[in-house]
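Novice: Sharing final-v4.pdb, PDB, C-alpha atoms:
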```pdb
ATOM      1  CA  MET S   1     -58.657  -9.085  29.605
ATOM      2  CA  THR S   2     -61.681  -6.808  29.564
ATOM      3  CA  ALA S   3     -64.757  -7.242  27.431
ATOM      4  CA  THR S   4     -63.792  -4.133  25.441
ATOM      5  CA  ALA S   5     -60.381  -5.605  24.627
ATOM      6  CA  VAL S   6     -61.944  -8.890  23.501
ATOM      7  CA  VAL S   7     -64.399  -7.082  21.242
ATOM      8  CA  ALA S   8     -61.644  -4.898  19.825
ATOM      9  CA  ASP S   9     -59.523  -7.957  19.165
ATOM     10  CA  GLU S  10     -62.349  -9.732  17.336
ATOM     11  CA  VAL S  11     -63.079  -6.636  15.270
ATOM     12  CA  ALA S  12     -59.410  -6.284  14.320
ATOM     13  CA  LEU S  13     -59.094  -9.846  13.011
ATOM     14  CA  PRO S  14     -60.787  -9.253   9.607
ATOM     15  CA  LYS S  15     -58.597  -6.191   9.027
ATOM     16  CA  LYS S  16     -55.506  -8.266   9.771
ATOM     17  CA  ARG S  17     -56.597 -10.921   7.303
ATOM     18  CA  SER S  18     -57.239  -8.291   4.645
ATOM     19  CA  ARG S  19     -53.768  -6.827   5.208
ATOM     20  CA  VAL S  20     -52.201 -10.254   4.762
ATOM     21  CA  LEU S  21     -54.132 -10.797   1.516
ATOM     22  CA  SER S  22     -53.226  -7.313   0.284
ATOM     23  CA  LYS S  23     -49.545  -7.933   1.038
ATOM     24  CA  PHE S  24     -49.708 -11.258  -0.793
ATOM     25  CA  LEU S  25     -51.323  -9.705  -3.881
ATOM     26  CA  LYS S  26     -48.651  -6.994  -4.011
ATOM     27  CA  ASN S  27     -45.903  -9.621  -4.176
ATOM     28  CA  LYS S  28     -45.714 -10.552  -7.862
ATOM     29  CA  SER S  29     -43.490 -13.564  -7.240
ATOM     30  CA  ALA S  30     -45.899 -14.932  -4.647
ATOM     31  CA  VAL S  31     -48.881 -14.433  -6.949
ATOM     32  CA  ALA S  32     -47.059 -16.095  -9.852
ATOM     33  CA  GLY S  33     -46.042 -19.032  -7.654
ATOM     34  CA  GLY S  34     -49.583 -19.367  -6.316
ATOM     35  CA  ALA S  35     -50.979 -19.359  -9.845
ATOM     36  CA  ILE S  36     -48.570 -22.121 -10.900
ATOM     37  CA  VAL S  37     -49.453 -24.247  -7.884
ATOM     38  CA  LEU S  38     -53.173 -23.651  -8.478
ATOM     39  CA  PHE S  39     -52.771 -24.679 -12.119
ATOM     40  CA  PHE S  40     -51.163 -27.999 -11.207
ATOM     41  CA  VAL S  41     -53.741 -28.664  -8.499
ATOM     42  CA  LEU S  42     -56.574 -28.021 -10.946
ATOM     43  CA  ALA S  43     -54.837 -30.192 -13.530
ATOM     44  CA  ALA S  44     -54.664 -33.005 -10.993
ATOM     45  CA  LEU S  45     -58.327 -32.618 -10.044
ATOM     46  CA  VAL S  46     -59.869 -32.352 -13.525
ATOM     47  CA  GLY S  47     -57.042 -33.899 -15.536
ATOM     48  CA  PRO S  48     -58.387 -37.461 -15.470
ATOM     49  CA  TYR S  49     -61.529 -36.216 -17.231
ATOM     50  CA  LEU S  50     -59.381 -34.514 -19.881
ATOM     51  CA  ALA S  51     -56.832 -37.291 -20.397
ATOM     52  CA  PRO S  52     -56.827 -38.236 -24.093
ATOM     53  CA  TYR S  53     -56.035 -41.934 -23.543
ATOM     54  CA  ASP S  54     -56.403 -44.703 -20.990
ATOM     55  CA  PRO S  55     -53.305 -44.385 -18.759
ATOM     56  CA  ILE S  56     -52.911 -48.140 -18.148
ATOM     57  CA  LYS S  57     -53.869 -49.521 -21.568
ATOM     58  CA  PRO S  58     -50.785 -50.561 -23.565
ATOM     59  CA  SER S  59     -50.442 -50.092 -27.293
ATOM     60  CA  PHE S  60     -47.704 -52.175 -28.904
ATOM     61  CA  THR S  61     -47.931 -50.110 -32.085
ATOM     62  CA  SER S  62     -47.009 -46.920 -30.206
ATOM     63  CA  ILE S  63     -44.019 -47.996 -28.119
ATOM     64  CA  ARG S  64     -41.575 -45.209 -27.205
ATOM     65  CA  LYS S  65     -43.094 -42.643 -29.543
ATOM     66  CA  PRO S  66     -41.583 -39.134 -29.349
ATOM     67  CA  PRO S  67     -43.792 -36.122 -28.541
ATOM     68  CA  SER S  68     -46.217 -35.452 -31.386
ATOM     69  CA  GLU S  69     -49.718 -34.181 -32.132
ATOM     70  CA  LEU S  70     -51.164 -37.529 -31.005
ATOM     71  CA  PHE S  71     -48.941 -37.993 -27.960
ATOM     72  CA  TRP S  72     -47.942 -34.603 -26.558
ATOM     73  CA  PHE S  73     -45.459 -36.070 -24.053
ATOM     74  CA  GLY S  74     -44.673 -39.219 -26.013
ATOM     75  CA  THR S  75     -45.255 -42.810 -24.897
ATOM     76  CA  ASP S  76     -43.460 -45.266 -22.608
ATOM     77  CA  GLU S  77     -42.018 -48.732 -23.218
ATOM     78  CA  LEU S  78     -45.540 -50.222 -23.309
ATOM     79  CA  GLY S  79     -47.029 -47.606 -25.614
ATOM     80  CA  ARG S  80     -48.991 -45.824 -22.879
ATOM     81  CA  ASP S  81     -49.544 -42.102 -23.260
ATOM     82  CA  MET S  82     -47.296 -40.215 -20.840
ATOM     83  CA  LEU S  83     -49.562 -37.149 -20.614
ATOM     84  CA  SER S  84     -52.526 -39.274 -19.548
ATOM     85  CA  ARG S  85     -50.398 -41.103 -16.993
ATOM     86  CA  MET S  86     -49.117 -37.815 -15.544
ATOM     87  CA  LEU S  87     -52.627 -36.363 -15.246
ATOM     88  CA  TRP S  88     -53.892 -39.448 -13.440
ATOM     89  CA  GLY S  89     -50.786 -39.810 -11.303
ATOM     90  CA  ALA S  90     -50.848 -36.164 -10.198
ATOM     91  CA  ARG S  91     -54.127 -36.712  -8.361
ATOM     92  CA  ALA S  92     -52.685 -39.565  -6.318
ATOM     93  CA  SER S  93     -49.472 -37.630  -5.601
ATOM     94  CA  ILE S  94     -51.252 -34.480  -4.413
ATOM     95  CA  MET S  95     -53.757 -36.466  -2.390
ATOM     96  CA  ALA S  96     -50.951 -38.408  -0.715
ATOM     97  CA  GLY S  97     -49.119 -35.219   0.254
ATOM     98  CA  VAL S  98     -52.162 -33.301   1.456
ATOM     99  CA  VAL S  99     -53.717 -36.169   3.414
ATOM    100  CA  SER S 100     -50.394 -37.086   5.054
ATOM    101  CA  VAL S 101     -49.768 -33.543   6.261
ATOM    102  CA  PHE S 102     -53.401 -33.238   7.359
ATOM    103  CA  ILE S 103     -53.054 -36.374   9.500
ATOM    104  CA  ALA S 104     -49.808 -35.086  11.011
ATOM    105  CA  ILE S 105     -51.378 -31.706  11.868
ATOM    106  CA  VAL S 106     -54.652 -33.090  13.223
ATOM    107  CA  LEU S 107     -52.817 -35.499  15.533
ATOM    108  CA  GLY S 108     -49.680 -33.500  16.298
ATOM    109  CA  VAL S 109     -51.076 -30.052  17.091
ATOM    110  CA  PRO S 110     -53.458 -31.181  19.897
ATOM    111  CA  PHE S 111     -50.721 -33.228  21.593
ATOM    112  CA  GLY S 112     -48.289 -30.312  21.380
ATOM    113  CA  LEU S 113     -50.953 -27.928  22.636
ATOM    114  CA  ILE S 114     -51.766 -30.105  25.653
ATOM    115  CA  ALA S 115     -48.105 -30.765  26.471
ATOM    116  CA  GLY S 116     -47.089 -27.120  26.306
ATOM    117  CA  TYR S 117     -50.107 -25.742  28.134
ATOM    118  CA  PHE S 118     -50.397 -28.143  31.067
ATOM    119  CA  GLY S 119     -46.730 -29.075  31.524
ATOM    120  CA  GLY S 120     -45.811 -31.411  34.366
ATOM    121  CA  TRP S 121     -46.049 -35.161  33.909
ATOM    122  CA  ILE S 122     -48.313 -34.747  30.864
ATOM    123  CA  ASP S 123     -45.629 -32.713  29.111
ATOM    124  CA  ALA S 124     -42.940 -35.173  30.186
ATOM    125  CA  ALA S 125     -44.850 -38.207  28.887
ATOM    126  CA  ILE S 126     -45.698 -36.634  25.521
ATOM    127  CA  SER S 127     -42.205 -35.184  25.096
ATOM    128  CA  ARG S 128     -40.460 -38.492  25.839
ATOM    129  CA  ALA S 129     -42.720 -40.340  23.397
ATOM    130  CA  THR S 130     -42.007 -37.649  20.798
ATOM    131  CA  ASP S 131     -38.250 -37.909  21.366
ATOM    132  CA  ALA S 132     -38.436 -41.672  20.922
ATOM    133  CA  MET S 133     -40.259 -41.289  17.607
ATOM    134  CA  LEU S 134     -37.821 -38.609  16.422
ATOM    135  CA  ALA S 135     -34.890 -40.868  17.283
ATOM    136  CA  ILE S 136     -35.956 -43.178  14.446
ATOM    137  CA  PRO S 137     -35.070 -41.886  10.947
ATOM    138  CA  PHE S 138     -38.200 -40.571   9.231
ATOM    139  CA  LEU S 139     -37.981 -42.770   6.140
ATOM    140  CA  ILE S 140     -37.311 -45.965   8.097
ATOM    141  CA  PHE S 141     -40.185 -45.203  10.468
ATOM    142  CA  ALA S 142     -42.569 -44.538   7.558
ATOM    143  CA  ILE S 143     -41.539 -47.720   5.726
ATOM    144  CA  ALA S 144     -41.947 -49.804   8.887
ATOM    145  CA  LEU S 145     -45.425 -48.398   9.527
ATOM    146  CA  ALA S 146     -46.437 -48.906   5.905
ATOM    147  CA  ALA S 147     -45.237 -52.513   6.040
ATOM    148  CA  PHE S 148     -47.158 -53.081   9.266
ATOM    149  CA  LEU S 149     -50.382 -51.540   7.928
ATOM    150  CA  GLY S 150     -50.206 -53.227   4.536
ATOM    151  CA  PRO S 151     -49.504 -52.218   0.917
ATOM    152  CA  SER S 152     -51.977 -49.556  -0.189
ATOM    153  CA  LEU S 153     -52.001 -45.819  -0.896
ATOM    154  CA  THR S 154     -54.240 -45.158   2.117
ATOM    155  CA  ASN S 155     -51.921 -46.987   4.481
ATOM    156  CA  ALA S 156     -48.910 -45.206   2.990
ATOM    157  CA  MET S 157     -50.563 -41.829   3.663
ATOM    158  CA  ILE S 158     -51.325 -42.860   7.248
ATOM    159  CA  ALA S 159     -47.742 -44.053   7.746
ATOM    160  CA  ILE S 160     -46.254 -40.809   6.420
ATOM    161  CA  GLY S 161     -48.665 -38.742   8.522
ATOM    162  CA  LEU S 162     -47.804 -40.624  11.713
ATOM    163  CA  SER S 163     -44.084 -40.367  10.949
ATOM    164  CA  ALA S 164     -44.347 -36.570  10.526
ATOM    165  CA  MET S 165     -46.532 -36.102  13.620
ATOM    166  CA  PRO S 166     -43.634 -35.682  16.132
ATOM    167  CA  ILE S 167     -42.366 -32.646  14.206
ATOM    168  CA  PHE S 168     -45.698 -30.864  14.666
ATOM    169  CA  ILE S 169     -45.893 -31.911  18.320
ATOM    170  CA  ARG S 170     -42.504 -30.392  19.107
ATOM    171  CA  LEU S 171     -43.129 -27.237  17.082
ATOM    172  CA  THR S 172     -46.550 -26.660  18.675
ATOM    173  CA  ARG S 173     -45.255 -27.314  22.181
ATOM    174  CA  GLY S 174     -42.465 -24.767  21.778
ATOM    175  CA  GLN S 175     -44.856 -22.106  20.539
ATOM    176  CA  VAL S 176     -47.360 -22.800  23.331
ATOM    177  CA  LEU S 177     -44.650 -22.386  25.981
ATOM    178  CA  THR S 178     -44.053 -18.886  24.628
ATOM    179  CA  VAL S 179     -47.677 -17.893  24.143
ATOM    180  CA  LYS S 180     -49.045 -19.126  27.472
ATOM    181  CA  ALA S 181     -46.826 -16.648  29.342
ATOM    182  CA  GLU S 182     -48.390 -13.665  27.550
ATOM    183  CA  ASP S 183     -50.509 -11.196  29.498
ATOM    184  CA  TYR S 184     -53.744 -11.943  27.637
ATOM    185  CA  VAL S 185     -53.506 -15.632  28.580
ATOM    186  CA  GLU S 186     -52.819 -14.751  32.214
ATOM    187  CA  GLY S 187     -55.772 -12.348  32.096
ATOM    188  CA  ALA S 188     -58.044 -15.073  30.744
ATOM    189  CA  ARG S 189     -56.999 -17.336  33.600
ATOM    190  CA  ALA S 190     -57.527 -14.557  36.124
ATOM    191  CA  ILE S 191     -61.177 -14.088  35.140
ATOM    192  CA  GLY S 192     -61.802 -17.817  35.516
ATOM    193  CA  LEU S 193     -62.097 -19.006  31.916
ATOM    194  CA  PRO S 194     -61.758 -22.809  31.566
ATOM    195  CA  ASP S 195     -58.486 -24.211  30.260
ATOM    196  CA  PHE S 196     -60.085 -25.713  27.165
ATOM    197  CA  TRP S 197     -61.549 -22.369  26.142
ATOM    198  CA  ILE S 198     -58.244 -20.569  26.755
ATOM    199  CA  MET S 199     -56.362 -23.097  24.621
ATOM    200  CA  VAL S 200     -58.831 -22.951  21.742
ATOM    201  CA  ARG S 201     -59.609 -19.234  21.782
ATOM    202  CA  TYR S 202     -56.339 -17.601  22.847
ATOM    203  CA  VAL S 203     -53.439 -20.032  22.527
ATOM    204  CA  LEU S 204     -54.181 -22.076  19.397
ATOM    205  CA  PRO S 205     -54.775 -19.101  17.008
ATOM    206  CA  ASN S 206     -51.420 -17.650  18.025
ATOM    207  CA  VAL S 207     -49.446 -20.857  17.450
ATOM    208  CA  LEU S 208     -50.967 -21.752  14.078
ATOM    209  CA  PRO S 209     -48.848 -19.412  11.854
ATOM    210  CA  PRO S 210     -45.551 -21.261  12.488
TER     211      PRO S 210
END
```
Represent the structure of the file as structure tokens.
Specialist:
Amino acid sequence: MTATAVVADEVALPKKRSRVLSKFLKNKSAVAGGAIVLFFVLAALVGPYLAPYDPIKPSFTSIRKPPSELFWFGTDELGRDMLSRMLWGARASIMAGVVSVFIAIVLGVPFGLIAGYFGGWIDAAISRATDAMLAIPFLIFAIALAAFLGPSLTNAMIAIGLSAMPIFIRLTRGQVLTVKAEDYVEGARAIGLPDFWIMVRYVLPNVLPP
């Protein structure tokens, strides 16, 4: 790959991003779905500050109240406001999902990248370990890890992230096997660029979309 091609590629990246954003904004369904997701995320983030009642404080004079001006979503069997409980619970639910996937990506993508790029015994070792983890049902694996780590939300997020990691390893490895045979990767090798730089600069950006 020549210096001119590299410069042209770097210059073209912002235009590509702008085209993706423009295509997204033209899709009304995508924009509407994004707005709904953003609304719930914001509600989870700022909801606890807007919750009208304490979500864990019972009120035996307000047991199983129907929706009303005081309790928009009603109350439960202990008189706790359901709206307040949903606003507080949404934060924990979103955090659990985001952190779990983040752990799976941060751990899985590098292993898949290394396995697919270098091949050989490194690929064989990582692939066999991945196959062994995938052989165990996801839910059973996550429950076993959570039981081993201990009962807490943090440990549950770690357990889910580790259980999902093999999926990202296999997906990344498959994409790397395709990308590393491309001409621009071979050109980068031909001019003597180090493997780490090739993986980070040329291979990883092209395997991230899937």
Novice: Pick the closest to Met133 of chain S from S:Val207, S:Met82, S:Ile56, S:Ile167: which is it, counting all atoms listed in the file?
Specialist: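 Answer, going by the shortest atom-to-atom distance: S:Ile167.
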Novice: Could you tell me, as a CSV table (one decimal) with C-alpha atoms, in the coordinates of the input, exactly which residues end up selected when the PyMOL selection byres ((chain S and resi 113-126) around 8) is applied to this structure?
Specialist:
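The result, stored in result-v7.csv:
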```csv
chain,number,residue,atom,x,y,z
S,109,VAL,CA,-51.1,-30.1,17.1
S,110,PRO,CA,-53.5,-31.2,19.9
S,111,PHE,CA,-50.7,-33.2,21.6
S,112,GLY,CA,-48.3,-30.3,21.4
S,127,SER,CA,-42.2,-35.2,25.1
S,128,ARG,CA,-40.5,-38.5,25.8
S,129,ALA,CA,-42.7,-40.3,23.4
S,130,THR,CA,-42.0,-37.6,20.8
S,169,ILE,CA,-45.9,-31.9,18.3
S,172,THR,CA,-46.6,-26.7,18.7
S,173,ARG,CA,-45.3,-27.3,22.2
S,174,GLY,CA,-42.5,-24.8,21.8
S,175,GLN,CA,-44.9,-22.1,20.5
S,176,VAL,CA,-47.4,-22.8,23.3
S,177,LEU,CA,-44.6,-22.4,26.0
S,180,LYS,CA,-49.0,-19.1,27.5
S,199,MET,CA,-56.4,-23.1,24.6
S,204,LEU,CA,-54.2,-22.1,19.4
```
Novice: Evaluated on this file, the PyMOL selection byres ((chain S and resi 156) around 9) picks out some residues - which ones are they, written as a list in words?
Specialist: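 This file gives the following for the PyMOL selection byres ((chain S and resi 156) around 9): Ala96, Ser100, Ala142, Ile143, Leu145, Ala146, Ala147, Leu149, Gly150, Pro151, Ser152, Leu153, Thr154, Asn155, Met157, Ile158, Ala159, Ile160 and Gly161 of chain S.
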Novice: Separation of atom CA of Val101 of chain S and atom CA of Ser163 of chain S, in Å?
Specialist: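 Distance between the two atoms: 10.0 Å.
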Novice: As a ChimeraX atom specification, please: the residues near Met165 of chain S (cut-off 8 Å, all atoms listed in the file, same-chain neighbours under 6 positions excluded).
Specialist: /S:103-105,107-108
Novice: Between S:Ile63, S:Val99, S:Tyr202, S:Ser68, which residue has the minimum interatomic distance to Glu186 of chain S, considering only C-alpha atoms?
Specialist: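 That would be S:Tyr202, the residue with the smallest distance to Glu186 of chain S.
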